[in-house]
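File shown: start22.cif (mmCIF, C-alpha atoms).
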data_entry
loop_
_atom_site.label_atom_id
_atom_site.label_comp_id
_atom_site.auth_asym_id
_atom_site.auth_seq_id
_atom_site.Cartn_x
_atom_site.Cartn_y
_atom_site.Cartn_z
CA MET A 1 244.94 57.94 146.84
CA VAL A 2 246.49 60.82 148.68
CA VAL A 3 246.57 60.72 152.45
CA THR A 4 247.47 63.85 154.38
CA ILE A 5 247.69 64.66 158.05
CA GLY A 6 247.15 68.21 159.28
CA PHE A 7 248.13 69.84 162.57
CA GLU A 8 246.25 72.95 163.75
CA GLY A 9 246.96 74.86 166.95
CA SER A 10 246.83 78.57 166.12
CA ALA A 11 244.42 79.45 168.94
CA ASN A 12 242.94 77.59 171.88
CA LYS A 13 242.15 74.36 170.08
CA ILE A 14 244.68 71.70 169.14
CA GLY A 15 243.32 69.53 166.37
CA ILE A 16 244.81 66.91 164.08
CA GLY A 17 243.02 65.58 161.01
CA ILE A 18 243.70 62.85 158.50
CA ILE A 19 242.14 63.06 155.05
CA ARG A 20 242.25 60.55 152.22
CA ASP A 21 241.16 61.82 148.82
CA GLY A 22 238.81 64.37 150.32
CA GLU A 23 237.35 61.98 152.89
CA VAL A 24 237.89 62.92 156.55
CA LEU A 25 239.15 59.77 158.27
CA SER A 26 239.71 61.33 161.67
CA ASN A 27 239.51 64.76 163.29
CA PRO A 28 240.18 64.63 167.04
CA ARG A 29 240.90 67.79 169.07
CA ARG A 30 241.25 69.30 172.51
CA THR A 31 240.10 72.76 173.56
CA TYR A 32 241.83 74.90 176.17
CA ILE A 33 238.95 76.35 178.17
CA THR A 34 239.69 79.12 180.67
CA PRO A 35 237.56 80.01 183.69
CA PRO A 36 234.70 82.51 183.23
CA GLY A 37 235.98 86.07 182.95
CA GLU A 38 239.37 85.01 181.57
CA GLY A 39 240.66 84.81 178.03
CA PHE A 40 243.41 82.46 176.86
CA GLN A 41 247.00 83.76 176.95
CA PRO A 42 249.71 82.58 174.56
CA SER A 43 252.10 80.79 176.94
CA ALA A 44 249.37 78.95 178.86
CA THR A 45 247.76 77.96 175.56
CA ALA A 46 251.12 76.73 174.26
CA ARG A 47 251.58 74.60 177.38
CA HIS A 48 248.10 73.14 176.87
CA HIS A 49 248.90 72.18 173.30
CA GLN A 50 252.27 70.72 174.30
CA ALA A 51 250.55 68.58 176.92
CA HIS A 52 247.94 67.16 174.54
CA VAL A 53 249.31 67.17 171.00
CA LEU A 54 250.91 63.71 171.10
CA ASP A 55 247.78 62.07 172.52
CA VAL A 56 245.68 63.76 169.83
CA LEU A 57 248.14 62.59 167.18
CA GLN A 58 247.89 58.99 168.36
CA GLU A 59 244.11 59.30 168.42
CA ALA A 60 244.08 60.65 164.86
CA LEU A 61 246.12 57.70 163.60
CA ASP A 62 244.10 55.14 165.56
CA ILE A 63 240.65 56.42 164.56
CA ALA A 64 241.69 56.72 160.90
CA LYS A 65 243.36 53.29 161.04
CA ILE A 66 246.27 54.83 159.18
CA THR A 67 249.95 54.10 159.77
CA PRO A 68 252.70 56.67 159.19
CA ASP A 69 253.88 54.73 156.12
CA GLN A 70 250.56 55.44 154.43
CA ILE A 71 250.76 59.19 154.89
CA ASP A 72 251.89 61.21 151.87
CA ALA A 73 252.41 64.63 153.45
CA VAL A 74 252.42 66.39 156.80
CA CYS A 75 250.61 69.74 156.88
CA TYR A 76 250.54 72.28 159.66
CA THR A 77 249.23 75.77 160.34
CA LYS A 78 252.07 78.15 159.66
CA GLY A 79 250.05 81.26 160.53
CA PRO A 80 248.37 83.59 161.22
CA GLY A 81 247.64 82.95 164.88
CA MET A 82 249.24 83.08 168.30
CA GLY A 83 253.02 82.64 168.22
CA ALA A 84 253.78 80.27 171.08
CA PRO A 85 250.94 77.82 170.34
CA LEU A 86 251.79 77.84 166.62
CA VAL A 87 255.45 77.06 167.33
CA SER A 88 254.57 74.25 169.75
CA VAL A 89 252.51 72.44 167.15
CA ALA A 90 254.89 73.20 164.26
CA VAL A 91 257.76 71.62 166.18
CA VAL A 92 255.83 68.34 166.45
CA ALA A 93 254.80 68.43 162.79
CA ARG A 94 258.42 69.00 161.74
CA THR A 95 259.65 66.18 163.97
CA VAL A 96 257.22 63.56 162.66
CA ALA A 97 257.74 64.72 159.07
CA GLN A 98 261.45 63.99 159.51
CA LEU A 99 260.85 60.72 161.36
CA TRP A 100 258.42 59.49 158.73
CA GLN A 101 260.40 61.01 155.83
CA LYS A 102 257.42 62.92 154.43
CA PRO A 103 257.25 66.35 152.82
CA ILE A 104 255.97 69.09 155.10
CA ILE A 105 253.54 71.78 153.97
CA GLY A 106 252.87 75.04 155.83
CA VAL A 107 249.25 76.13 155.49
CA ASN A 108 247.77 79.59 155.76
CA HIS A 109 245.12 79.30 158.47
CA CYS A 110 242.53 81.44 156.69
CA ILE A 111 242.86 79.49 153.44
CA GLY A 112 242.69 76.27 155.44
CA HIS A 113 239.40 77.41 156.94
CA ILE A 114 237.91 78.17 153.53
CA GLU A 115 239.13 75.02 151.80
CA MET A 116 237.93 72.86 154.68
CA ALA A 117 234.49 74.46 154.50
CA ARG A 118 234.37 74.04 150.71
CA LEU A 119 235.32 70.39 151.08
CA ILE A 120 232.66 69.68 153.69
CA THR A 121 229.84 71.60 151.98
CA GLY A 122 230.73 70.97 148.35
CA ALA A 123 230.45 74.69 147.60
CA ASP A 124 231.99 75.56 144.25
CA ASP A 125 232.80 79.28 144.02
CA PRO A 126 231.05 81.01 146.91
CA THR A 127 231.34 84.38 148.51
CA VAL A 128 232.97 83.46 151.78
CA LEU A 129 232.16 85.02 155.11
CA TYR A 130 235.09 83.96 157.25
CA VAL A 131 234.41 84.69 160.91
CA SER A 132 236.27 83.37 163.93
CA GLY A 133 237.93 84.48 167.14
CA GLY A 134 240.79 86.02 165.22
CA ASN A 135 239.43 86.75 161.74
CA THR A 136 236.50 88.55 160.13
CA GLN A 137 236.70 88.83 156.37
CA VAL A 138 234.48 88.69 153.29
CA ILE A 139 236.40 86.81 150.63
CA ALA A 140 235.93 85.85 147.00
CA TYR A 141 238.19 83.83 144.70
CA SER A 142 239.55 85.74 141.74
CA GLU A 143 242.67 85.65 139.58
CA ARG A 144 243.85 82.42 141.28
CA ARG A 145 243.84 83.97 144.72
CA TYR A 146 241.46 84.46 147.56
CA GLN A 147 240.82 88.20 147.59
CA ILE A 148 239.64 90.04 150.67
CA PHE A 149 236.68 92.18 149.64
CA GLY A 150 235.98 93.51 153.10
CA GLU A 151 237.11 92.90 156.64
CA THR A 152 237.08 94.16 160.17
CA ILE A 153 239.22 97.24 160.59
CA ASP A 154 239.83 96.44 164.24
CA MET A 155 238.83 93.26 166.05
CA ALA A 156 237.31 90.03 164.86
CA ILE A 157 233.67 89.43 165.69
CA GLY A 158 234.66 86.35 167.68
CA ASN A 159 237.09 88.38 169.76
CA CYS A 160 234.35 90.97 170.39
CA PHE A 161 231.94 88.26 171.52
CA ASP A 162 234.59 86.57 173.68
CA ARG A 163 235.26 89.86 175.44
CA LEU A 164 231.57 90.51 176.05
CA ALA A 165 231.29 87.00 177.49
CA ARG A 166 234.17 87.85 179.84
CA LEU A 167 232.41 91.05 180.94
CA LEU A 168 229.28 89.06 181.67
CA LYS A 169 231.32 86.28 183.32
CA LEU A 170 229.75 83.67 181.04
CA SER A 171 231.26 80.19 181.01
CA ASN A 172 233.85 79.48 178.29
CA ASP A 173 232.62 75.88 178.09
CA PRO A 174 232.12 74.80 175.35
CA SER A 175 232.83 78.29 173.99
CA PRO A 176 231.90 81.88 174.93
CA GLY A 177 230.15 82.40 171.58
CA TYR A 178 227.92 79.39 172.11
CA ASN A 179 226.88 80.66 175.53
CA ILE A 180 226.16 84.14 174.18
CA GLU A 181 223.86 82.53 171.60
CA GLN A 182 221.99 80.60 174.32
CA MET A 183 221.56 83.83 176.27
CA ALA A 184 220.49 85.71 173.14
CA LYS A 185 217.65 83.26 172.56
CA ARG A 186 216.10 84.50 175.79
CA GLY A 187 216.61 88.21 175.07
CA GLN A 188 213.45 90.32 175.13
CA ARG A 189 214.55 93.86 174.33
CA LEU A 190 216.82 95.41 171.73
CA VAL A 191 219.46 97.76 173.04
CA ARG A 192 220.55 100.25 170.38
CA LEU A 193 224.22 99.65 169.75
CA PRO A 194 226.61 101.40 167.34
CA TYR A 195 226.18 99.84 163.91
CA VAL A 196 229.47 100.36 162.12
CA VAL A 197 229.83 99.48 158.44
CA LYS A 198 232.32 101.47 156.40
CA GLY A 199 231.87 100.53 152.76
CA MET A 200 233.06 96.95 152.52
CA ASP A 201 234.52 96.91 156.04
CA VAL A 202 233.14 96.55 159.57
CA SER A 203 234.31 97.71 162.98
CA PHE A 204 233.52 96.19 166.37
CA SER A 205 235.70 98.06 168.85
CA GLY A 206 233.30 100.99 169.12
CA MET A 207 230.40 98.65 169.85
CA LEU A 208 232.42 96.90 172.53
CA SER A 209 233.53 100.16 174.17
CA PHE A 210 229.95 101.40 174.09
CA ILE A 211 228.81 98.29 175.95
CA GLU A 212 231.71 98.36 178.40
CA GLU A 213 230.94 101.94 179.40
CA ARG A 214 227.27 101.28 180.03
CA LEU A 215 227.20 97.68 181.23
CA ASP A 216 227.00 98.27 184.98
CA LYS A 217 224.25 100.83 184.53
CA TRP A 218 222.26 98.56 182.22
CA LEU A 219 222.53 95.53 184.46
CA ALA A 220 221.40 97.62 187.44
CA GLY A 221 217.87 97.57 186.11
CA GLU A 222 217.37 98.57 182.49
CA TYR A 223 218.44 95.46 180.58
CA THR A 224 219.17 91.82 181.32
CA PRO A 225 222.35 90.06 180.19
CA GLN A 226 220.10 88.14 177.76
CA ASP A 227 218.92 91.43 176.22
CA ILE A 228 222.52 92.55 175.77
CA CYS A 229 223.59 89.26 174.14
CA PHE A 230 220.58 89.39 171.84
CA SER A 231 221.31 92.99 170.87
CA LEU A 232 224.99 92.29 170.22
CA GLN A 233 224.13 89.41 167.89
CA GLU A 234 221.41 91.34 166.06
CA THR A 235 223.68 94.31 165.42
CA ALA A 236 226.92 92.48 164.65
CA PHE A 237 225.29 89.88 162.40
CA ALA A 238 223.34 92.53 160.48
CA MET A 239 226.62 94.34 159.80
CA LEU A 240 228.14 91.16 158.38
CA VAL A 241 225.08 90.42 156.28
CA GLU A 242 225.27 93.89 154.74
CA THR A 243 228.91 93.57 153.74
CA THR A 244 228.46 90.02 152.49
CA GLU A 245 225.50 91.04 150.36
CA ARG A 246 227.54 93.91 148.95
CA ALA A 247 230.32 91.51 147.94
CA MET A 248 227.79 89.15 146.36
CA ALA A 249 226.29 92.02 144.38
CA LEU A 250 229.73 93.00 143.11
CA THR A 251 230.72 89.49 142.05
CA GLY A 252 227.33 88.17 140.96
CA SER A 253 227.96 85.18 143.21
CA GLN A 254 225.14 82.73 143.88
CA GLU A 255 226.52 81.02 146.97
CA VAL A 256 227.53 82.13 150.45
CA LEU A 257 229.86 80.02 152.53
CA ILE A 258 230.11 80.86 156.21
CA SER A 259 233.30 79.49 157.69
CA ASP A 260 233.61 79.86 161.39
CA ARG A 261 235.64 77.01 162.81
CA MET B 1 278.64 84.62 186.12
CA ALA B 2 278.95 88.28 186.99
CA ALA B 3 275.81 90.32 186.42
CA ARG B 4 276.07 93.97 185.48
CA LEU B 5 273.61 96.65 184.42
CA LEU B 6 273.15 97.09 180.72
CA SER B 7 273.97 100.55 179.36
CA ASP B 8 273.26 102.00 175.93
CA ALA B 9 276.85 101.37 174.88
CA ASP B 10 276.63 97.68 175.68
CA THR B 11 276.27 95.32 172.78
CA MET B 12 277.13 92.24 174.81
CA SER B 13 274.35 90.90 177.01
CA ALA B 14 275.14 90.36 180.66
CA LEU B 15 274.13 86.73 181.13
CA THR B 16 274.69 83.61 179.09
CA LEU B 17 273.47 80.06 179.33
CA ARG B 18 274.83 77.07 177.45
CA LEU B 19 272.76 73.91 177.26
CA GLU B 20 273.81 70.55 175.87
CA VAL B 21 271.02 68.04 175.41
CA PRO B 22 272.08 64.46 174.63
CA PHE B 23 269.93 62.40 172.26
CA GLU B 24 269.93 58.69 171.67
CA SER B 25 271.54 59.11 168.25
CA GLU B 26 273.10 61.67 165.95
CA GLN B 27 270.05 61.33 163.74
CA HIS B 28 267.69 62.26 166.58
CA ALA B 29 269.85 65.21 167.56
CA GLN B 30 269.76 66.42 163.96
CA ILE B 31 265.97 66.01 163.81
CA ALA B 32 265.60 68.01 167.02
CA TYR B 33 267.89 70.72 165.68
CA ASN B 34 265.96 70.95 162.41
CA SER B 35 262.65 71.19 164.24
CA LEU B 36 263.78 73.86 166.67
CA ARG B 37 265.99 76.11 164.62
CA VAL B 38 263.27 77.33 162.25
CA ASP B 39 261.41 79.75 164.50
CA ARG B 40 263.04 83.08 165.15
CA GLU B 41 262.73 84.79 168.48
CA PRO B 42 259.96 87.43 168.35
CA SER B 43 261.30 90.87 167.41
CA ARG B 44 260.49 92.25 170.85
CA ALA B 45 262.58 89.61 172.61
CA THR B 46 265.74 90.76 174.34
CA THR B 47 267.24 87.30 174.43
CA ARG B 48 269.41 85.93 171.64
CA ARG B 49 269.45 82.22 170.94
CA GLN B 50 271.78 80.08 168.87
CA LEU B 51 271.29 76.39 168.23
CA SER B 52 273.72 73.86 166.81
CA VAL B 53 274.37 70.12 166.69
CA ALA B 54 277.50 68.38 167.96
CA ALA B 55 277.40 64.64 167.26
CA ASP B 56 274.47 63.28 169.28
CA ARG B 57 273.96 66.50 171.24
CA LEU B 58 271.83 69.56 170.65
CA VAL B 59 273.69 72.67 171.81
CA ALA B 60 271.89 75.88 172.74
CA HIS B 61 273.52 79.19 173.57
CA LEU B 62 271.34 81.90 175.13
CA GLU B 63 272.26 85.51 175.86
CA ALA B 64 270.04 87.87 177.83
CA PRO B 65 270.34 91.25 179.55
CA ASP B 66 268.91 90.00 182.84
CA ALA B 67 268.14 86.84 184.79
CA ARG B 68 264.40 86.99 184.28
CA SER B 69 264.66 87.17 180.48
CA LEU B 70 267.21 84.38 180.48
CA ARG B 71 264.98 82.17 182.63
CA THR B 72 261.93 82.80 180.44
CA ALA B 73 263.82 82.02 177.26
CA ALA B 74 265.47 78.94 178.75
CA ASN B 75 262.18 77.57 180.05
CA ALA B 76 260.42 78.13 176.74
CA LEU B 77 263.24 76.41 174.87
CA LEU B 78 263.35 73.50 177.30
CA ASP B 79 259.58 73.01 176.99
CA LEU B 80 260.05 72.62 173.23
CA VAL B 81 263.11 70.35 173.65
CA VAL B 82 261.09 68.12 175.96
CA LEU B 83 258.24 68.10 173.44
CA VAL B 84 260.61 66.99 170.67
CA CYS B 85 262.06 64.30 172.94
CA ARG B 86 258.59 62.99 173.77
CA THR B 87 257.67 62.99 170.08
CA LEU B 88 260.84 61.09 169.16
CA GLU B 89 260.21 58.62 171.95
CA ARG B 90 256.59 58.01 171.09
CA PHE B 91 256.70 58.04 167.30
CA GLY B 92 260.34 57.44 166.50
CA ALA B 93 260.34 53.68 166.69
CA GLU B 94 257.28 53.12 164.52
CA ARG B 95 257.92 51.06 161.46
CA HIS B 96 254.52 49.62 160.61
CA ALA B 97 253.92 47.71 157.47
CA ALA B 98 251.14 49.08 155.27
CA VAL B 99 247.76 47.68 156.28
#

Could you take the file, read its structure, and then write that structure out as structure tokens?
Amino acid sequence: MVVTIGFEGSANKIGIGIIRDGEVLSNPRRTYITPPGEGFQPSATARHHQAHVLDVLQEALDIAKITPDQIDAVCYTKGPGMGAPLVSVAVVARTVAQLWQKPIIGVNHCIGHIEMARLITGADDPTVLYVSGGNTQVIAYSERRYQIFGETIDMAIGNCFDRLARLLKLSNDPSPGYNIEQMAKRGQRLVRLPYVVKGMDVSFSGMLSFIEERLDKWLAGEYTPQDICFSLQETAFAMLVETTERAMALTGSQEVLISDR
Amino acid sequence: MAARLLSDADTMSALTLRLEVPFESEQHAQIAYNSLRVDREPSRATTRRQLSVAADRLVAHLEAPDARSLRTAANALLDLVVLVCRTLERFGAERHAAV
């Protein structure tokens, strides 16, 4: 029986999980939520993680009913992500690994996302659509590596959505993306937005600029914020579906795994 | 400490700060050192940082071209030192038997 503990703090969430032989024993977390209209900056996010990481660690051990002696390895997100938050969490992981005399394993955040999703869903060899605040990639496993078939050539879809939410002053609680979705459900009209797929890749910065330039004019009478959220989702998601389908056609894959958190 | 303006010919930074942080044991100081020495300063940073261990003390030496950079670097380092101390305090004494 292998028991591992993992520390993740590459963006605005600090989470610690304990897994035994593929079974999640605990997975507590805290999210740094900024006021509407504001994104999360590295040093403030780092301070948030520093303030909460030890409580979350204690919670993880307590909920899992695991003692440090029973842990076989300490894992942590090495990157990619935001520097200061990553360092803050890595420092704690290194300290407990030394205290508990356990090997320490640095994990690539993107691979962690995919493996976690495969574990939870039981997917075998899917085409992976990995979308988050910081990443947007279509991935397939080949030659013992995860290969990026297509990706965003500028910003992640999550980042694009977060920035639209800031423009619309939507709440960041529980997350900007969630609130955009709730707004989108009440959208009535489709605004034509730039649809940008280049082969296997996608681009969101043009769509965002297009919206930024026209937002005041639209909100003055033509479109509601709900219409804009609906249109953003329709356009952005369709772009991702196209590139994912293209990857599936190339690999002959029968499964799609969407990993977004 | 005398402050002076940095010119292109300068390779020495104007301001230095030396910190000595005592720990409850040599082992704890070594753990703190190992945890903190791994991460390099970002390439854009103008501050240089050197860490070492002397018995039960962590020693940090910072060099920066101006007071603001020095303060920022010192505060960031101290936040992490405090975090290590809190971790050692909270999880350092645990010796539970297997359940």

Interface rows for chain A against chain B: nearest pair, Å to one decimal, 6 Å, only C-alpha atoms, as a Markdown table:
| residue | atom | partner | partner_atom | distance |
| --- | --- | --- | --- | --- |
| A:Val91 | CA | B:Ser35 | CA | 5.3 |
| A:Arg94 | CA | B:Ser35 | CA | 5.4 |
| A:Thr95 | CA | B:Ser35 | CA | 5.8 |

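Distances from A:Asp62, A:Glu8, A:Asp201, A:Asp21 to Tyr76 (chain A) were compared using all atoms listed in the file, and the smallest one belongs to A:Glu8.
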
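CA of Asp125 (chain A) to CA of Glu245 (chain A) spans 15.2 Å [interatomic distance, one decimal].
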
Kindly extract all protein, DNA and RNA residues lying within 9 Å of the coordinates (237.3, 84.3, 167.3) given in the file, considering all atoms listed in the file, and supply them as a compact mmCIF listing (two decimals) with C-alpha atoms, in the frame of the given file.
# COMPACT_ATOMS: atom_id res chain seq x y z
CA ALA A 11 244.42 79.45 168.94
CA VAL A 131 234.41 84.69 160.91
CA SER A 132 236.27 83.37 163.93
CA GLY A 133 237.93 84.48 167.14
CA GLY A 134 240.79 86.02 165.22
CA ASN A 135 239.43 86.75 161.74
CA THR A 136 236.50 88.55 160.13
CA ALA A 156 237.31 90.03 164.86
CA ILE A 157 233.67 89.43 165.69
CA GLY A 158 234.66 86.35 167.68
CA ASN A 159 237.09 88.38 169.76
CA CYS A 160 234.35 90.97 170.39
CA PHE A 161 231.94 88.26 171.52
CA ASP A 162 234.59 86.57 173.68
CA GLY A 177 230.15 82.40 171.58
CA ASP A 260 233.61 79.86 161.39
CA ARG A 261 235.64 77.01 162.81

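For the set A:Tyr146, A:Val89, A:Pro36, A:Ala249, the residue with the smallest atom-to-atom gap to Glu115 (chain A) is A:Tyr146, counting all atoms listed in the file.
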
**Message:** Just want the 12 Å neighbourhood of Leu19 (chain B), counted on all atoms listed in the file, with same-chain residues fewer than 2 positions away dropped. Output as a PyMOL selection string.
**Reply:** chain B and resi 16-17+21-22+49-54+57-63+74-75+77-78+81

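Evaluating the PyMOL selection byres ((chain A and resi 141) around 12) against the shown model yields Ile111, Ile114, Glu115, Asp124, Asp125, Pro126, Thr127, Val128, Val138, Ile139, Ala140, Ser142, Glu143, Arg144, Arg145, Tyr146, Gln147, Ile148, Phe149, Ala247, Met248, Thr251 and Ser253 of chain A.
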
**Protein, DNA and RNA residues within 6 Å of (252.4, 68.2, 160.9), only C-alpha atoms, as number ranges by chain** = A: 6-7, 74-76, 93

**Request:** Find the residues around Phe40 (chain A) up to 12 Å (only C-alpha atoms counted), leave out those fewer than 2 positions away in its own chain, and share them as a ChimeraX atom specification.
**Result:** /A:10-13,31-38,42-48,82,85,133,159,162-163,166,172,175-176

Saved selection, atoms kept: C-alpha atoms, as a PDB file, keeping the file's coordinate frame:
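Okay, this is what ended up in result_19.pdb:
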ATOM      1  CA  SER A  10     246.830  78.570 166.120  1.00  0.00           C
ATOM      2  CA  ALA A  11     244.420  79.450 168.940  1.00  0.00           C
ATOM      3  CA  ASN A  12     242.940  77.590 171.880  1.00  0.00           C
ATOM      4  CA  LYS A  13     242.150  74.360 170.080  1.00  0.00           C
ATOM      5  CA  THR A  31     240.100  72.760 173.560  1.00  0.00           C
ATOM      6  CA  TYR A  32     241.830  74.900 176.170  1.00  0.00           C
ATOM      7  CA  ILE A  33     238.950  76.350 178.170  1.00  0.00           C
ATOM      8  CA  THR A  34     239.690  79.120 180.670  1.00  0.00           C
ATOM      9  CA  PRO A  35     237.560  80.010 183.690  1.00  0.00           C
ATOM     10  CA  PRO A  36     234.700  82.510 183.230  1.00  0.00           C
ATOM     11  CA  GLY A  37     235.980  86.070 182.950  1.00  0.00           C
ATOM     12  CA  GLU A  38     239.370  85.010 181.570  1.00  0.00           C
ATOM     13  CA  PRO A  42     249.710  82.580 174.560  1.00  0.00           C
ATOM     14  CA  SER A  43     252.100  80.790 176.940  1.00  0.00           C
ATOM     15  CA  ALA A  44     249.370  78.950 178.860  1.00  0.00           C
ATOM     16  CA  THR A  45     247.760  77.960 175.560  1.00  0.00           C
ATOM     17  CA  ALA A  46     251.120  76.730 174.260  1.00  0.00           C
ATOM     18  CA  ARG A  47     251.580  74.600 177.380  1.00  0.00           C
ATOM     19  CA  HIS A  48     248.100  73.140 176.870  1.00  0.00           C
ATOM     20  CA  MET A  82     249.240  83.080 168.300  1.00  0.00           C
ATOM     21  CA  PRO A  85     250.940  77.820 170.340  1.00  0.00           C
ATOM     22  CA  GLY A 133     237.930  84.480 167.140  1.00  0.00           C
ATOM     23  CA  ASN A 159     237.090  88.380 169.760  1.00  0.00           C
ATOM     24  CA  ASP A 162     234.590  86.570 173.680  1.00  0.00           C
ATOM     25  CA  ARG A 163     235.260  89.860 175.440  1.00  0.00           C
ATOM     26  CA  ARG A 166     234.170  87.850 179.840  1.00  0.00           C
ATOM     27  CA  ASN A 172     233.850  79.480 178.290  1.00  0.00           C
ATOM     28  CA  SER A 175     232.830  78.290 173.990  1.00  0.00           C
ATOM     29  CA  PRO A 176     231.900  81.880 174.930  1.00  0.00           C
TER      30      PRO A 176
END

**Complete:** One decimal place gives the CA of Gln101 (chain A)-CA of His52 (chain A) separation as 23.3 Å

**Item:** Interatomic distance (Å, one decimal) between CA of Gln188 (chain A) and CA of Ser209 (chain A)
**Value:** 22.4 Å

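Once the PyMOL selection byres ((chain A and resi 193) around 7) is applied to the depicted file, the selected set reads Val191, Arg192, Pro194, Tyr195, Met207 and Thr235 of chain A.
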
Those selected residues, please, written with C-alpha atoms and delivered as a PDB file, in the coordinates of the input.
ATOM      1  CA  VAL A 191     219.460  97.760 173.040  1.00  0.00           C
ATOM      2  CA  ARG A 192     220.550 100.250 170.380  1.00  0.00           C
ATOM      3  CA  PRO A 194     226.610 101.400 167.340  1.00  0.00           C
ATOM      4  CA  TYR A 195     226.180  99.840 163.910  1.00  0.00           C
ATOM      5  CA  MET A 207     230.400  98.650 169.850  1.00  0.00           C
ATOM      6  CA  THR A 235     223.680  94.310 165.420  1.00  0.00           C
TER       7      THR A 235
END

**Message:** With all atoms listed in the file as the counted atoms, please give the residues lying no more than 9 Å from region 211-227 of chain A, apart from itself and same-chain residues fewer than 4 positions off, as a list in words.
**Reply:** Leu164, Leu167, Leu168, Ile180, Gln182, Met183, Ala184, Lys185, Arg186, Gly187, Gln188, Arg189, Leu190, Val191, Leu193, Gly206, Met207, Ser231 and Leu232 of chain A

**Item:** Of the listed residues A:Ile105, A:Ala84, A:Ile18, A:Val56, that which approaches Ala73 (chain B) most closely, counting all atoms listed in the file
**Value:** A:Ala84

**Expected selection from the PyMOL selection byres ((chain A and resi 15) around 7), given as an MDAnalysis selection string** = chainID A and resid 7:9 13:14 16:17 27:30
